[in-house]
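Next comes my_file.cif, a file with mmCIF, C-alpha atoms.
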data_work
loop_
_atom_site.group_PDB
_atom_site.id
_atom_site.type_symbol
_atom_site.label_atom_id
_atom_site.label_comp_id
_atom_site.auth_asym_id
_atom_site.auth_seq_id
_atom_site.Cartn_x
_atom_site.Cartn_y
_atom_site.Cartn_z
ATOM 1 C CA MET A 1 99.009 -5.533 129.067
ATOM 2 C CA LYS A 2 96.286 -5.789 131.674
ATOM 3 C CA LEU A 3 93.325 -3.440 131.293
ATOM 4 C CA CYS A 4 91.503 -2.326 134.450
ATOM 5 C CA THR A 5 88.562 -0.135 135.334
ATOM 6 C CA ASP A 6 88.925 3.268 136.955
ATOM 7 C CA LYS A 7 87.987 1.695 140.315
ATOM 8 C CA VAL A 8 90.925 -0.724 140.184
ATOM 9 C CA VAL A 9 93.327 2.035 139.094
ATOM 10 C CA ALA A 10 91.959 4.206 141.902
ATOM 11 C CA ASP A 11 92.642 1.434 144.440
ATOM 12 C CA TRP A 12 96.215 1.003 143.188
ATOM 13 C CA LEU A 13 96.903 4.747 143.279
ATOM 14 C CA ALA A 14 95.048 5.372 146.574
ATOM 15 C CA LEU A 15 92.677 7.751 144.787
ATOM 16 C CA THR A 16 88.964 7.926 144.168
ATOM 17 C CA PRO A 17 87.513 6.811 140.839
ATOM 18 C CA ARG A 18 86.417 10.406 140.288
ATOM 19 C CA ARG A 19 90.009 11.637 140.705
ATOM 20 C CA VAL A 20 91.162 8.996 138.210
ATOM 21 C CA ARG A 21 88.671 10.401 135.689
ATOM 22 C CA GLN A 22 89.895 13.933 136.440
ATOM 23 C CA LEU A 23 93.472 12.840 135.796
ATOM 24 C CA ARG A 24 92.264 11.271 132.535
ATOM 25 C CA ASP A 25 90.659 14.575 131.543
ATOM 26 C CA GLU A 26 93.893 16.417 132.426
ATOM 27 C CA GLY A 27 95.853 14.044 130.173
ATOM 28 C CA VAL A 28 97.819 12.393 132.975
ATOM 29 C CA LEU A 29 96.180 8.987 132.581
ATOM 30 C CA ILE A 30 95.249 7.517 129.232
ATOM 31 C CA GLU A 31 92.309 5.203 128.525
ATOM 32 C CA LYS A 32 93.121 2.292 126.252
ATOM 33 C CA SER A 33 89.428 1.806 125.564
ATOM 34 C CA PRO A 34 86.381 3.527 127.096
ATOM 35 C CA GLY A 35 86.516 3.086 130.875
ATOM 36 C CA LEU A 36 89.594 0.821 130.789
ATOM 37 C CA TYR A 37 93.212 1.684 131.609
ATOM 38 C CA ASP A 38 96.540 -0.122 131.318
ATOM 39 C CA LEU A 39 97.386 -0.526 135.019
ATOM 40 C CA ARG A 40 101.182 -0.565 134.623
ATOM 41 C CA VAL A 41 101.258 2.512 132.349
ATOM 42 C CA SER A 42 98.768 4.346 134.572
ATOM 43 C CA VAL A 43 100.883 3.783 137.696
ATOM 44 C CA ILE A 44 104.071 4.948 135.928
ATOM 45 C CA ARG A 45 102.374 8.052 134.477
ATOM 46 C CA TYR A 46 100.867 8.941 137.860
ATOM 47 C CA ILE A 47 104.252 8.609 139.604
ATOM 48 C CA ASP A 48 105.850 10.856 136.963
ATOM 49 C CA TYR A 49 103.017 13.344 137.395
ATOM 50 C CA THR A 50 103.465 13.543 141.169
ATOM 51 C CA ARG A 51 107.260 13.857 140.858
ATOM 52 C CA LYS A 52 106.983 16.697 138.371
ATOM 53 C CA GLY A 53 104.580 18.525 140.661
ATOM 54 C CA LYS A 54 106.970 18.279 143.602
ATOM 55 C CA ARG A 55 109.935 19.312 141.495
ATOM 56 C CA ALA A 56 108.028 22.326 140.188
ATOM 57 C CA ASP A 57 106.976 23.263 143.714
ATOM 58 C CA LEU A 58 110.580 23.077 144.914
ATOM 59 C CA GLN A 59 111.744 25.244 142.023
ATOM 60 C CA ASP A 60 108.989 27.759 142.751
ATOM 61 C CA GLU A 61 109.966 27.858 146.421
ATOM 62 C CA ARG A 62 113.628 28.387 145.534
ATOM 63 C CA ALA A 63 112.668 31.219 143.190
ATOM 64 C CA LEU A 64 110.515 32.844 145.895
ATOM 65 C CA LEU A 65 113.349 32.516 148.416
ATOM 66 C CA ALA A 66 115.833 34.082 146.012
ATOM 67 C CA LYS A 67 113.411 36.935 145.327
ATOM 68 C CA ALA A 68 112.867 37.537 149.057
ATOM 69 C CA LYS A 69 116.626 37.569 149.695
ATOM 70 C CA ARG A 70 117.136 40.055 146.847
ATOM 71 C CA GLU A 71 114.381 42.341 148.171
ATOM 72 C CA THR A 72 115.868 42.190 151.666
ATOM 73 C CA ALA A 73 119.302 43.113 150.331
ATOM 74 C CA GLU A 74 117.794 45.991 148.322
ATOM 75 C CA MET A 75 116.017 47.320 151.436
ATOM 76 C CA ASP A 76 119.198 47.035 153.510
ATOM 77 C CA ASN A 77 121.109 48.993 150.874
ATOM 78 C CA ALA A 78 118.370 51.643 150.722
ATOM 79 C CA LEU A 79 118.513 51.949 154.534
ATOM 80 C CA ARG A 80 122.274 52.454 154.408
ATOM 81 C CA ARG A 81 121.955 55.091 151.683
ATOM 82 C CA GLY A 82 119.273 56.915 153.692
ATOM 83 C CA GLU A 83 116.623 56.413 151.014
ATOM 84 C CA LEU A 84 114.500 54.285 153.337
ATOM 85 C CA HIS A 85 113.633 54.830 156.995
ATOM 86 C CA LYS A 86 112.401 52.469 159.651
ATOM 87 C CA THR A 87 108.866 52.930 160.939
ATOM 88 C CA GLU A 88 110.156 53.657 164.449
ATOM 89 C CA GLU A 89 112.315 56.506 163.102
ATOM 90 C CA LEU A 90 109.363 58.020 161.259
ATOM 91 C CA GLU A 91 107.113 57.721 164.292
ATOM 92 C CA GLY A 92 109.753 59.379 166.457
ATOM 93 C CA GLY A 93 110.255 62.205 163.979
ATOM 94 C CA ILE A 94 106.549 62.885 163.591
ATOM 95 C CA LYS A 95 106.073 62.713 167.355
ATOM 96 C CA THR A 96 108.857 65.288 167.801
ATOM 97 C CA ILE A 97 107.282 67.642 165.278
ATOM 98 C CA LEU A 98 103.855 67.348 166.868
ATOM 99 C CA LEU A 99 105.210 67.849 170.391
ATOM 100 C CA ASN A 100 107.057 70.979 169.287
ATOM 101 C CA PHE A 101 103.936 72.274 167.561
ATOM 102 C CA ARG A 102 101.793 71.453 170.604
ATOM 103 C CA SER A 103 104.125 73.359 172.926
ATOM 104 C CA ARG A 104 104.000 76.392 170.615
ATOM 105 C CA MET A 105 100.210 76.242 170.524
ATOM 106 C CA MET A 106 100.087 76.059 174.328
ATOM 107 C CA VAL A 107 102.270 79.189 174.595
ATOM 108 C CA MET A 108 100.254 81.193 172.060
ATOM 109 C CA PRO A 109 97.463 82.405 174.422
ATOM 110 C CA ALA A 110 99.983 83.755 176.942
ATOM 111 C CA LYS A 111 102.000 85.379 174.156
ATOM 112 C CA GLU A 112 99.027 86.956 172.395
ATOM 113 C CA ALA A 113 96.875 87.973 175.396
ATOM 114 C CA PRO A 114 98.710 91.286 176.084
ATOM 115 C CA LYS A 115 98.440 92.286 172.410
ATOM 116 C CA LEU A 116 94.736 91.422 172.324
ATOM 117 C CA ALA A 117 94.052 93.350 175.533
ATOM 118 C CA GLN A 118 95.440 96.522 173.918
ATOM 119 C CA LEU A 119 93.015 96.225 170.992
ATOM 120 C CA GLY A 120 90.118 97.364 173.197
ATOM 121 C CA GLY A 121 87.578 94.741 172.125
ATOM 122 C CA ASP A 122 87.720 95.528 168.368
ATOM 123 C CA GLN A 123 86.674 92.152 166.951
ATOM 124 C CA GLY A 124 88.157 92.798 163.514
ATOM 125 C CA LYS A 125 91.590 93.627 164.916
ATOM 126 C CA ILE A 126 91.421 90.718 167.407
ATOM 127 C CA PHE A 127 90.555 88.346 164.571
ATOM 128 C CA ASP A 128 93.409 89.685 162.435
ATOM 129 C CA GLU A 129 95.902 89.332 165.290
ATOM 130 C CA LEU A 130 94.804 85.748 166.084
ATOM 131 C CA ASP A 131 94.813 84.848 162.396
ATOM 132 C CA ARG A 132 98.363 86.202 162.053
ATOM 133 C CA ALA A 133 99.555 84.208 165.095
ATOM 134 C CA VAL A 134 97.958 80.956 163.872
ATOM 135 C CA CYS A 135 99.339 81.429 160.351
ATOM 136 C CA GLU A 136 102.794 82.067 161.819
ATOM 137 C CA LEU A 137 102.638 78.788 163.760
ATOM 138 C CA LEU A 138 101.440 76.879 160.702
ATOM 139 C CA GLU A 139 104.262 78.343 158.599
ATOM 140 C CA GLN A 140 106.763 77.169 161.210
ATOM 141 C CA LEU A 141 105.220 73.681 161.065
ATOM 142 C CA LYS A 142 105.403 73.718 157.288
ATOM 143 C CA GLY A 143 109.074 74.659 157.388
ATOM 144 C CA LEU A 144 110.193 71.851 159.712
ATOM 145 C CA ASP A 145 112.693 69.476 158.182
ATOM 146 C CA LEU A 146 111.838 65.863 158.998
ATOM 147 C CA THR A 147 115.173 64.605 157.673
ATOM 148 C CA LEU A 148 117.056 66.556 160.342
ATOM 149 C CA ILE A 149 114.830 65.112 163.036
ATOM 150 C CA LEU A 150 115.227 61.578 161.650
ATOM 151 C CA SER A 151 118.996 61.908 161.603
ATOM 152 C CA GLY A 152 118.991 62.999 165.250
ATOM 153 C CA GLY A 153 119.930 66.608 164.498
ATOM 154 C CA GLU A 154 118.074 69.771 165.332
ATOM 155 C CA GLY A 155 115.029 71.123 163.603
ATOM 156 C CA GLU A 156 114.697 74.703 162.362
ATOM 157 C CA ASP A 157 113.434 75.807 165.734
ATOM 158 C CA GLY A 158 116.761 74.870 167.318
ATOM 159 C CA GLU A 159 115.297 72.262 169.637
ATOM 160 C CA ALA A 160 117.143 68.961 169.706
ATOM 161 C CA ASN A 161 115.348 65.753 168.891
ATOM 162 C CA GLU A 162 116.316 64.302 172.275
ATOM 163 C CA GLU A 163 114.596 67.089 174.201
ATOM 164 C CA ALA A 164 111.284 66.425 172.494
ATOM 165 C CA GLU A 165 111.567 62.669 173.044
ATOM 166 C CA GLU A 166 112.251 63.178 176.758
ATOM 167 C CA SER A 167 109.004 65.069 177.145
ATOM 168 C CA VAL A 168 106.991 62.167 175.658
#
Could you take the file, read its structure, and then write that structure out as structure tokens?
Amino acid sequence: MKLCTDKVVADWLALTPRRVRQLRDEGVLIEKSPGLYDLRVSVIRYIDYTRKGKRADLQDERALLAKAKRETAEMDNALRRGELHKTEELEGGIKTILLNFRSRMMVMPAKEAPKLAQLGGDQGKIFDELDRAVCELLEQLKGLDLTLILSGGEGEDGEANEEAEESV
């Protein structure tokens, strides 16, 4: 049994003396007497320590890979069942709804102008008529079914999803 200082052990292990002391504090290396280590035992314990670390890392990586594969399979199944939608589908559906709503808003002045002209400048009646028209449009927006648009069908207004996408 040959006892060596932390500097000699550090040279043999390609470490710094400070790291040797850290490994001592962690319980990896054992001092035989203060500041002295059994070189052979220290080398063997350090090799075991590094092997265990790599083995644990490999096991962790395998576990993470298995978890990622399981999550991917779960998402694929949810997509097939229609419980999950792709971002592009959602964007397309929302864009369709907003384009339909925009076109209705653009038509509102032409639709309401004749009615407002007959009210003879009565601000109360004009306000009520405009309020009714805006509320009607908002109710139509509220009633739109996004699932029909996502599935490529028609919304409640009877306009096909394709028509709205063509106007984009």
Item to complete: Could you state which residues are captured by the PyMOL selection byres ((chain A and resi 37) around 8) in this file, as a PyMOL selection string?
Response: chain A and resi 3-6+9+29-33+35-36+38-39+42
I need the residue set behind the PyMOL selection byres ((chain A and resi 108-121) around 12) for this file; please write it as number ranges by chain. A: 101-107, 122-137
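If you look at atom CA of A:Tyr46 and atom CA of A:Leu23, they are 8.6 Å away from each other.
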### Query
Any idea what the distance is between atom CA of A:Ala68 and atom CA of A:Tyr49?
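So the answer is 28.6 Å.
Interatomic distance, atom CA of A:Gly27 to atom CA of A:Leu13: 16.1 Å.
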Suppose a student applies the PyMOL selection byres ((chain A and resi 141) around 9) to this structure; what residues should they get, written as a list in words? Ile97, Leu98, Asn100, Phe101, Glu136, Leu137, Leu138, Glu139, Gln140, Lys142, Gly143 and Leu144 of chain A
